[in-house]
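Asks: To be precise about what I am sending: the file is called final.cif and holds mmCIF, C-alpha atoms.
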data_work
loop_
_atom_site.label_atom_id
_atom_site.label_comp_id
_atom_site.auth_asym_id
_atom_site.auth_seq_id
_atom_site.Cartn_x
_atom_site.Cartn_y
_atom_site.Cartn_z
CA MET A 1 -120.89 71.41 131.70
CA ASN A 2 -119.80 72.96 134.91
CA ALA A 3 -118.36 76.34 134.09
CA ARG A 4 -118.01 78.31 137.28
CA ILE A 5 -116.75 81.69 138.25
CA GLU A 6 -116.03 83.21 141.62
CA GLY A 7 -115.43 86.72 142.76
CA LYS A 8 -112.19 87.49 144.49
CA PRO A 9 -112.46 86.95 148.23
CA SER A 10 -112.13 90.06 150.32
CA ALA A 11 -111.98 90.79 154.02
CA VAL A 12 -115.13 92.87 154.25
CA LYS A 13 -117.43 91.42 151.68
CA ASN A 14 -118.87 87.96 151.15
CA ARG A 15 -118.23 86.26 147.87
CA THR A 16 -120.86 85.73 145.20
CA THR A 17 -120.35 82.64 143.07
CA VAL A 18 -122.09 81.80 139.82
CA GLU A 19 -122.10 78.34 138.38
CA ARG A 20 -123.63 77.27 135.13
CA LYS A 21 -124.87 73.83 136.16
CA SER A 22 -126.21 72.77 132.80
CA ASP A 23 -127.53 74.11 129.52
CA ARG A 24 -130.59 75.46 131.26
CA GLU A 25 -129.60 76.23 134.82
CA VAL A 26 -127.51 78.78 136.67
CA VAL A 27 -126.88 78.71 140.42
CA VAL A 28 -125.83 81.78 142.37
CA THR A 29 -124.61 81.53 145.98
CA ARG A 30 -123.88 84.18 148.54
CA THR A 31 -123.66 84.40 152.33
CA ILE A 32 -125.58 87.31 153.81
CA ASN A 33 -124.62 88.74 157.21
CA GLY A 34 -127.86 88.22 159.08
CA PRO A 35 -130.36 85.59 160.24
CA ALA A 36 -132.49 83.70 157.69
CA ARG A 37 -135.66 85.25 159.08
CA ILE A 38 -134.52 88.75 158.16
CA VAL A 39 -133.09 87.72 154.78
CA PHE A 40 -136.36 85.96 153.96
CA GLU A 41 -138.27 89.12 154.88
CA ALA A 42 -136.04 91.17 152.60
CA PHE A 43 -137.04 88.81 149.77
CA THR A 44 -140.77 88.81 150.48
CA LYS A 45 -141.71 92.27 151.78
CA ALA A 46 -142.02 94.86 149.02
CA GLU A 47 -140.78 97.81 151.08
CA LEU A 48 -137.54 95.92 151.82
CA PHE A 49 -137.23 94.13 148.48
CA LYS A 50 -137.26 97.32 146.45
CA ARG A 51 -134.35 98.65 148.46
CA TRP A 52 -131.93 96.03 147.17
CA TRP A 53 -133.24 94.18 144.09
CA VAL A 54 -132.33 97.05 141.77
CA PRO A 55 -129.08 98.56 143.03
CA LYS A 56 -128.17 101.99 141.63
CA SER A 57 -125.33 100.52 139.59
CA MET A 58 -127.88 98.69 137.42
CA GLY A 59 -128.96 102.02 135.99
CA MET A 60 -132.64 101.20 136.26
CA THR A 61 -135.42 102.75 138.32
CA LEU A 62 -138.14 100.70 139.94
CA LEU A 63 -141.47 102.51 139.47
CA SER A 64 -143.56 100.05 141.46
CA CYS A 65 -143.19 96.78 143.32
CA GLU A 66 -145.97 94.53 144.54
CA LEU A 67 -145.25 91.19 146.19
CA ASP A 68 -147.88 88.79 147.47
CA ALA A 69 -145.57 86.12 148.80
CA ARG A 70 -148.04 83.29 149.31
CA VAL A 71 -148.31 80.09 147.26
CA GLY A 72 -150.30 81.16 144.21
CA GLY A 73 -149.77 84.83 145.03
CA LYS A 74 -148.50 87.20 142.32
CA TYR A 75 -145.67 89.67 142.13
CA ARG A 76 -145.20 92.56 139.73
CA LEU A 77 -142.23 94.88 139.25
CA VAL A 78 -142.37 97.84 136.89
CA PHE A 79 -139.18 99.51 135.69
CA ASP A 80 -138.70 102.86 134.06
CA HIS A 81 -137.76 101.95 130.49
CA ASP A 82 -137.67 103.68 127.12
CA PRO A 83 -140.03 103.95 125.22
CA GLU A 84 -142.41 102.52 127.79
CA PRO A 85 -142.14 101.04 131.29
CA ALA A 86 -141.15 97.36 131.46
CA ALA A 87 -143.01 94.97 133.73
CA PHE A 88 -141.68 91.77 135.28
CA PHE A 89 -144.25 89.50 136.85
CA GLY A 90 -145.07 85.96 137.89
CA THR A 91 -146.47 83.68 140.57
CA TYR A 92 -145.03 82.32 143.81
CA VAL A 93 -145.05 78.53 143.60
CA GLU A 94 -143.32 77.73 146.91
CA VAL A 95 -143.25 79.84 150.06
CA LYS A 96 -141.74 78.17 153.11
CA PRO A 97 -140.94 80.85 155.67
CA TYR A 98 -137.26 81.43 156.33
CA SER A 99 -136.07 78.44 154.28
CA ARG A 100 -137.41 78.27 150.71
CA LEU A 101 -139.01 80.43 148.06
CA ALA A 102 -139.81 79.83 144.38
CA TRP A 103 -141.48 81.94 141.73
CA THR A 104 -142.15 81.84 138.01
CA ASN A 105 -140.97 84.57 135.64
CA ASP A 106 -143.83 85.04 133.22
CA GLU A 107 -143.04 88.32 131.45
CA GLY A 108 -141.56 86.45 128.49
CA GLY A 109 -144.80 84.53 127.87
CA GLU A 110 -145.13 80.78 128.16
CA GLY A 111 -142.15 78.75 129.29
CA GLY A 112 -140.41 81.43 131.35
CA SER A 113 -137.76 80.60 133.90
CA VAL A 114 -138.38 79.48 137.46
CA THR A 115 -136.33 80.98 140.29
CA THR A 116 -135.83 78.90 143.45
CA VAL A 117 -134.12 80.37 146.50
CA THR A 118 -133.08 78.49 149.63
CA PHE A 119 -131.97 80.13 152.89
CA GLU A 120 -129.70 78.25 155.27
CA GLU A 121 -128.72 79.88 158.54
CA LYS A 122 -125.40 79.13 160.18
CA GLY A 123 -123.85 81.07 163.04
CA GLY A 124 -126.07 84.10 162.55
CA LYS A 125 -125.33 84.28 158.81
CA THR A 126 -127.44 82.99 155.96
CA LEU A 127 -126.30 81.08 152.91
CA VAL A 128 -128.54 82.06 150.00
CA VAL A 129 -128.62 79.65 147.05
CA LEU A 130 -130.54 80.98 144.07
CA ARG A 131 -131.26 78.70 141.15
CA GLU A 132 -132.60 79.98 137.84
CA SER A 133 -133.98 77.26 135.59
CA TYR A 134 -134.75 78.18 132.00
CA PRO A 135 -136.90 76.20 129.60
CA SER A 136 -134.12 76.12 126.99
CA LYS A 137 -130.43 76.85 126.74
CA GLU A 138 -131.17 79.63 124.24
CA ALA A 139 -133.26 81.40 126.87
CA LEU A 140 -130.47 81.12 129.42
CA ASP A 141 -127.81 82.41 127.03
CA ALA A 142 -129.98 85.37 126.12
CA ALA A 143 -130.54 86.21 129.79
CA GLY A 144 -126.86 86.71 130.34
CA THR A 145 -126.32 88.89 127.32
CA GLY A 146 -129.12 91.38 127.82
CA ALA A 147 -128.56 95.07 128.55
CA ALA A 148 -125.72 97.18 127.27
CA ASP A 149 -123.29 95.99 129.90
CA ALA A 150 -120.41 94.87 127.76
CA MET A 151 -117.22 94.69 129.74
CA VAL A 152 -113.55 94.51 129.18
CA GLU A 153 -112.33 90.96 129.53
CA THR A 154 -109.09 90.43 131.32
CA PHE A 155 -106.70 87.57 131.46
CA ASP A 156 -107.41 87.33 135.18
CA GLN A 157 -110.89 86.15 134.38
CA LEU A 158 -109.61 83.78 131.77
CA ASP A 159 -107.31 82.33 134.42
CA GLU A 160 -110.18 82.04 136.89
CA LEU A 161 -112.32 80.18 134.39
CA LEU A 162 -109.51 77.81 133.50
CA VAL A 163 -108.81 77.09 137.15
CA ALA A 164 -112.50 76.54 137.83
CA LEU A 165 -112.82 74.28 134.80
CA GLY A 166 -109.81 72.32 135.99
CA GLU A 167 -111.36 71.85 139.43
CA SER A 168 -114.70 70.77 138.07
CA SER A 169 -113.17 68.25 135.69
CA GLY A 170 -111.46 66.66 138.71
CA GLN A 171 -108.02 66.61 137.17
CA MET B 172 -127.50 88.50 118.81
CA VAL B 173 -128.93 85.17 117.65
CA GLN B 174 -125.62 84.36 116.05
CA TYR B 175 -123.82 85.22 119.25
CA VAL B 176 -126.11 82.93 121.25
CA THR B 177 -125.59 80.03 118.83
CA ARG B 178 -121.82 80.45 119.04
CA LEU B 179 -122.07 80.52 122.80
CA ASP B 180 -124.02 77.25 122.75
CA THR B 181 -121.36 75.58 120.64
CA SER B 182 -118.73 76.75 123.10
CA PHE B 183 -120.57 75.53 126.17
CA ALA B 184 -121.16 72.17 124.49
CA ALA B 185 -117.46 71.97 123.67
CA LEU B 186 -116.63 72.76 127.30
CA SER B 187 -118.94 70.08 128.67
CA ASP B 188 -116.34 67.35 128.23
CA ALA B 189 -113.56 66.82 130.79
CA THR B 190 -110.96 65.79 128.19
CA ARG B 191 -111.67 68.87 126.09
CA ARG B 192 -111.35 71.09 129.15
CA GLY B 193 -108.07 69.36 129.89
CA VAL B 194 -106.88 70.02 126.33
CA LEU B 195 -107.69 73.72 126.78
CA GLU B 196 -105.71 73.84 130.01
CA GLN B 197 -102.83 72.08 128.32
CA LEU B 198 -102.88 74.50 125.39
CA GLY B 199 -103.05 77.35 127.90
CA ARG B 200 -99.56 76.33 128.97
CA ALA B 201 -98.09 75.63 125.53
CA ASP B 202 -99.09 74.88 121.96
CA ALA B 203 -99.08 71.17 121.19
CA SER B 204 -99.48 68.80 118.25
CA ILE B 205 -102.41 66.40 118.08
CA THR B 206 -99.94 63.56 118.61
CA ASP B 207 -98.63 65.21 121.81
CA LEU B 208 -102.16 65.68 123.08
CA ALA B 209 -103.19 62.11 122.26
CA GLU B 210 -100.20 60.83 124.24
CA LYS B 211 -100.82 63.12 127.21
CA PHE B 212 -104.46 62.10 127.46
CA ASP B 213 -103.73 58.46 126.71
CA MET B 214 -106.00 58.44 123.71
CA THR B 215 -105.93 57.32 120.08
CA LEU B 216 -104.99 59.86 117.44
CA THR B 217 -108.47 59.56 115.94
CA GLY B 218 -110.12 60.18 119.31
CA MET B 219 -108.03 63.27 119.96
CA LYS B 220 -108.66 64.56 116.43
CA LYS B 221 -112.38 64.42 117.17
CA HIS B 222 -112.03 66.39 120.42
CA VAL B 223 -109.83 69.01 118.79
CA GLY B 224 -112.35 69.22 115.95
CA VAL B 225 -115.15 70.07 118.41
CA LEU B 226 -112.99 72.71 120.10
CA GLU B 227 -111.96 74.11 116.74
CA GLN B 228 -115.58 74.35 115.58
CA ALA B 229 -116.44 76.26 118.74
CA GLY B 230 -113.55 78.61 118.01
CA LEU B 231 -111.84 77.72 121.28
CA VAL B 232 -108.85 76.22 119.49
CA THR B 233 -107.14 76.95 116.19
CA THR B 234 -104.91 74.49 114.34
CA LYS B 235 -102.14 74.99 111.85
CA LYS B 236 -100.47 72.37 109.69
CA ILE B 237 -96.73 72.76 109.39
CA GLY B 238 -95.22 70.05 107.25
CA ARG B 239 -96.79 66.82 108.48
CA VAL B 240 -97.52 68.08 111.99
CA ARG B 241 -100.78 69.75 112.98
CA THR B 242 -100.20 72.17 115.84
CA CYS B 243 -103.02 73.31 118.11
CA GLN B 244 -103.24 76.56 120.01
CA LEU B 245 -105.86 78.39 122.03
CA GLY B 246 -108.33 80.66 120.30
CA PRO B 247 -108.26 82.99 123.32
CA ARG B 248 -110.89 85.53 122.33
CA ARG B 249 -113.69 82.97 122.42
CA LEU B 250 -113.00 81.60 125.86
CA GLU B 251 -113.10 85.17 127.13
CA GLU B 252 -116.63 85.45 125.79
CA GLU B 253 -117.75 82.59 128.01
CA THR B 254 -115.90 84.11 130.93
CA ALA B 255 -117.51 87.45 130.22
CA TRP B 256 -120.96 85.86 130.15
CA LEU B 257 -120.49 84.34 133.61
CA GLU B 258 -118.77 87.42 134.96
CA ARG B 259 -121.59 89.68 133.82
CA TYR B 260 -124.11 87.40 135.47
CA ARG B 261 -122.05 87.24 138.63
CA ARG B 262 -121.62 91.01 138.82
CA ARG B 263 -125.31 91.62 138.52
CA TRP B 264 -125.99 89.30 141.45
CA ASP B 265 -123.01 90.55 143.41
CA GLU B 266 -124.36 94.11 143.24
CA ARG B 267 -127.79 92.95 144.28
CA PHE B 268 -126.50 90.91 147.19
CA ASP B 269 -124.26 93.77 148.35
CA ALA B 270 -127.40 95.91 148.57
CA LEU B 271 -129.26 93.07 150.33
CA ASP B 272 -126.43 92.77 152.84
CA LYS B 273 -126.85 96.44 153.72
CA VAL B 274 -130.61 96.12 154.20
CA VAL B 275 -130.26 93.00 156.34
CA GLU B 276 -127.48 94.50 158.46
CA GLU B 277 -129.55 97.60 159.06
CA LEU B 278 -132.59 95.54 160.10
CA SER B 279 -130.48 93.35 162.39
CA ARG B 280 -129.03 96.45 164.06
CA LYS B 281 -132.48 97.94 164.56
CA GLU B 282 -133.78 94.71 166.11
CA LYS B 283 -130.87 94.58 168.49
CA SER B 284 -131.28 98.16 169.62
CA ASN B 285 -135.02 97.60 170.08
CA GLU B 286 -134.27 94.57 172.24
CA ARG B 287 -131.97 96.68 174.36
CA LYS B 288 -134.62 99.37 174.73
CA ASN B 289 -137.22 96.78 175.72
CA ARG B 290 -135.00 95.36 178.39
CA ARG B 291 -134.61 98.74 180.05
#
Mind turning this structure into structure tokens?
Replies:
Amino acid sequence: MNARIEGKPSAVKNRTTVERKSDREVVVTRTINGPARIVFEAFTKAELFKRWWVPKSMGMTLLSCELDARVGGKYRLVFDHDPEPAAFFGTYVEVKPYSRLAWTNDEGGEGGSVTTVTFEEKGGKTLVVLRESYPSKEALDAAGTGAADAMVETFDQLDELLVALGESSGQ
Amino acid sequence: MVQYVTRLDTSFAALSDATRRGVLEQLGRADASITDLAEKFDMTLTGMKKHVGVLEQAGLVTTKKIGRVRTCQLGPRRLEEETAWLERYRRRWDERFDALDKVVEELSRKEKSNERKNRR
């Protein structure tokens, strides 16, 4: 169980990788061009967070965003949604300035996922590793299939998956 | 939706085994009989039949019996579903992180120009 996919490398842009580590866990990695202190602030300060968490291409509008990034502190995001606004909320369970952050995702009721993010600075850039752990594999599968974002599969992607599977099986 | 998720589970379970992933890679190059596959992976016929059975159940492989030989080939549509799942997930995060990059770069620039101003 180590399906992995990587974006094509490019000269200007850092690569985002997604790896399904197990039935219940997905890990996303990305290097951000800036020091960990600033990246951490962009994750924990509402006025910065709302500028990037919902990029325009997602087709959703953030109506409000409150973050109380302290252990035990709450966060709440409200999106414009038909027929009524949709809220995403939870509690920060780990807040270690500039290196580690974890929060629960409680909008789905009991047994929501937990998101853990680590920030590792190297040469003025920051490696962000984001881990989403779901209580069951069904919950994880559903998370990836939400929204009407069906896409056209290409053989390129099929190739990428096969190559990645080959690498992870060590053959 | 529920059906889709269940199918996806079966596929991911099928993909969790190194030999089965190897079989898929092999079939990606050329169709092969179960006997061929058993030889390639140094495995008994019974063992290979089991692996192919799991892949077949997940829809990742289809088999066809011609005479006394059972030939296996990829069921390509299904593997694309798994790829699509990961790719969708990756795109969502890629878009987010692109936006984060912009915010962080802007803040870094501002800090630097403030430092310059302060030094004056």
Asks: Give the padded box for segment 198-207 of chain B as JSON: axis-aligned, covering all atoms listed in the file, 6 Å on each side, centre and edge lengths in Å to one decimal.
Replies:
{"center_x": -100.6, "center_y": 70.5, "center_z": 123.5, "size_x": 17.0, "size_y": 25.8, "size_z": 22.9}
Asks: Can you pull out the residues contacting segment 258-271 of chain B? Cut-off 6 Å, using only C-alpha atoms, and skip same-chain residues under 3 positions away; I want them as a list in words.
Replies: Thr16, Val18, Trp52, Trp53, Pro55 and Gly144 of chain A; Thr254, Ala255 and Val274 of chain B
Asks: Can you work out the spacing between atom CA of Lys74 of chain A and atom CA of Thr91 of chain A in Å, to one decimal?
Replies: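 Distance between the two atoms: 4.4 Å.
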Asks: Out of A:Pro135, A:Gly124, A:Pro83, A:Gly34, which residue has the shortest atom-to-atom distance to chain B when counting all atoms listed in the file?
Replies: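 That would be A:Gly34, the residue with the smallest distance to chain B.
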Asks: Between atom CA of Ser279 of chain B and atom CA of Phe40 of chain A, what distance in Å does the model show, to one decimal?
Replies: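 It comes out at 12.7 Å.
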Asks: Please, what distance in Å, to one decimal, runs between atom CA of Phe43 of chain A and atom CA of Gly108 of chain A?
Replies: 21.9 Å
Asks: Residues at most 8 Å from segment 202-214 of chain B, counting all atoms listed in the file, excluding those fewer than 3 positions away in the same chain, as a ChimeraX atom specification?
Replies: /B:190,194,197-199,218-220,223,240-245
Asks: Fewer than 4 positions away in the same chain doesn't count, so skip those; otherwise give me all residues within 12 Å of segment 25-29 of chain A, counting only C-alpha atoms, as a compact mmCIF listing (two decimals) with C-alpha atoms, in the frame of the given file.
Replies:
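Contents of part05.txt, as written:
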# COMPACT_ATOMS: atom_id res chain seq x y z
CA MET A 1 -120.89 71.41 131.70
CA ASN A 2 -119.80 72.96 134.91
CA ALA A 3 -118.36 76.34 134.09
CA ARG A 4 -118.01 78.31 137.28
CA ILE A 5 -116.75 81.69 138.25
CA GLU A 6 -116.03 83.21 141.62
CA GLY A 7 -115.43 86.72 142.76
CA ASN A 14 -118.87 87.96 151.15
CA ARG A 15 -118.23 86.26 147.87
CA THR A 16 -120.86 85.73 145.20
CA THR A 17 -120.35 82.64 143.07
CA VAL A 18 -122.09 81.80 139.82
CA GLU A 19 -122.10 78.34 138.38
CA ARG A 20 -123.63 77.27 135.13
CA LYS A 21 -124.87 73.83 136.16
CA SER A 113 -137.76 80.60 133.90
CA VAL A 114 -138.38 79.48 137.46
CA THR A 115 -136.33 80.98 140.29
CA THR A 116 -135.83 78.90 143.45
CA VAL A 117 -134.12 80.37 146.50
CA THR A 118 -133.08 78.49 149.63
CA PHE A 119 -131.97 80.13 152.89
CA GLU A 120 -129.70 78.25 155.27
CA THR A 126 -127.44 82.99 155.96
CA LEU A 127 -126.30 81.08 152.91
CA VAL A 128 -128.54 82.06 150.00
CA VAL A 129 -128.62 79.65 147.05
CA LEU A 130 -130.54 80.98 144.07
CA ARG A 131 -131.26 78.70 141.15
CA GLU A 132 -132.60 79.98 137.84
CA SER A 133 -133.98 77.26 135.59
CA TYR A 134 -134.75 78.18 132.00
CA PRO A 135 -136.90 76.20 129.60
CA SER A 136 -134.12 76.12 126.99
CA LYS A 137 -130.43 76.85 126.74
CA GLU A 138 -131.17 79.63 124.24
CA ALA A 139 -133.26 81.40 126.87
CA LEU A 140 -130.47 81.12 129.42
CA ASP A 141 -127.81 82.41 127.03
CA ALA A 143 -130.54 86.21 129.79
CA GLY A 144 -126.86 86.71 130.34
CA TRP B 256 -120.96 85.86 130.15
CA LEU B 257 -120.49 84.34 133.61
CA GLU B 258 -118.77 87.42 134.96
CA TYR B 260 -124.11 87.40 135.47
CA ARG B 261 -122.05 87.24 138.63
CA ARG B 262 -121.62 91.01 138.82
CA ARG B 263 -125.31 91.62 138.52
CA TRP B 264 -125.99 89.30 141.45
CA ASP B 265 -123.01 90.55 143.41
CA ARG B 267 -127.79 92.95 144.28
CA PHE B 268 -126.50 90.91 147.19
Asks: Show which residues sit within 9 Å of Met60 of chain A, as a ChimeraX atom specification. Count only C-alpha atoms, and ignore same-chain residues fewer than 3 positions away.
Replies: /A:54-57,79-81
Asks: So, counting all atoms listed in the file, which residue among A:Val93, A:Leu77, A:Lys125, A:Ala102 is closest to chain B?
Replies: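 With all atoms listed in the file as the atom set, the closest residue is A:Lys125.
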Asks: List as a list in words: which residues have an atom within 9 Å of (-143.9, 82.0, 144.8), counting all atoms listed in the file?
Replies: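 Applying the cut-off with all atoms listed in the file, one gets Asp68, Ala69, Arg70, Val71, Gly72, Gly73, Lys74, Tyr75, Gly90, Thr91, Tyr92, Val93, Glu94, Val95, Leu101, Ala102, Trp103, Thr104, Thr115 and Thr116 of chain A.
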Asks: Let me make sure I understand: among B:Thr215, B:Gln228, B:Ser182, B:Ser187, which one has the smallest atom-to-atom distance to chain A if we use all atoms listed in the file?
Replies: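 Ranked by minimum distance to chain A, first place goes to B:Ser187.
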Asks: Choose the residue, out of B:Asn285, B:Val232, B:Val275, B:Arg290, that has the smallest atom-to-atom separation from chain A; count only C-alpha atoms.
Replies: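 Checking each candidate against chain A, we get B:Val275 as the closest.
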Asks: Between B:Lys288, B:Asp272, B:Lys281, B:Gly238, which has the minimum distance to chain A (counting all atoms listed in the file)?
Replies: B:Asp272
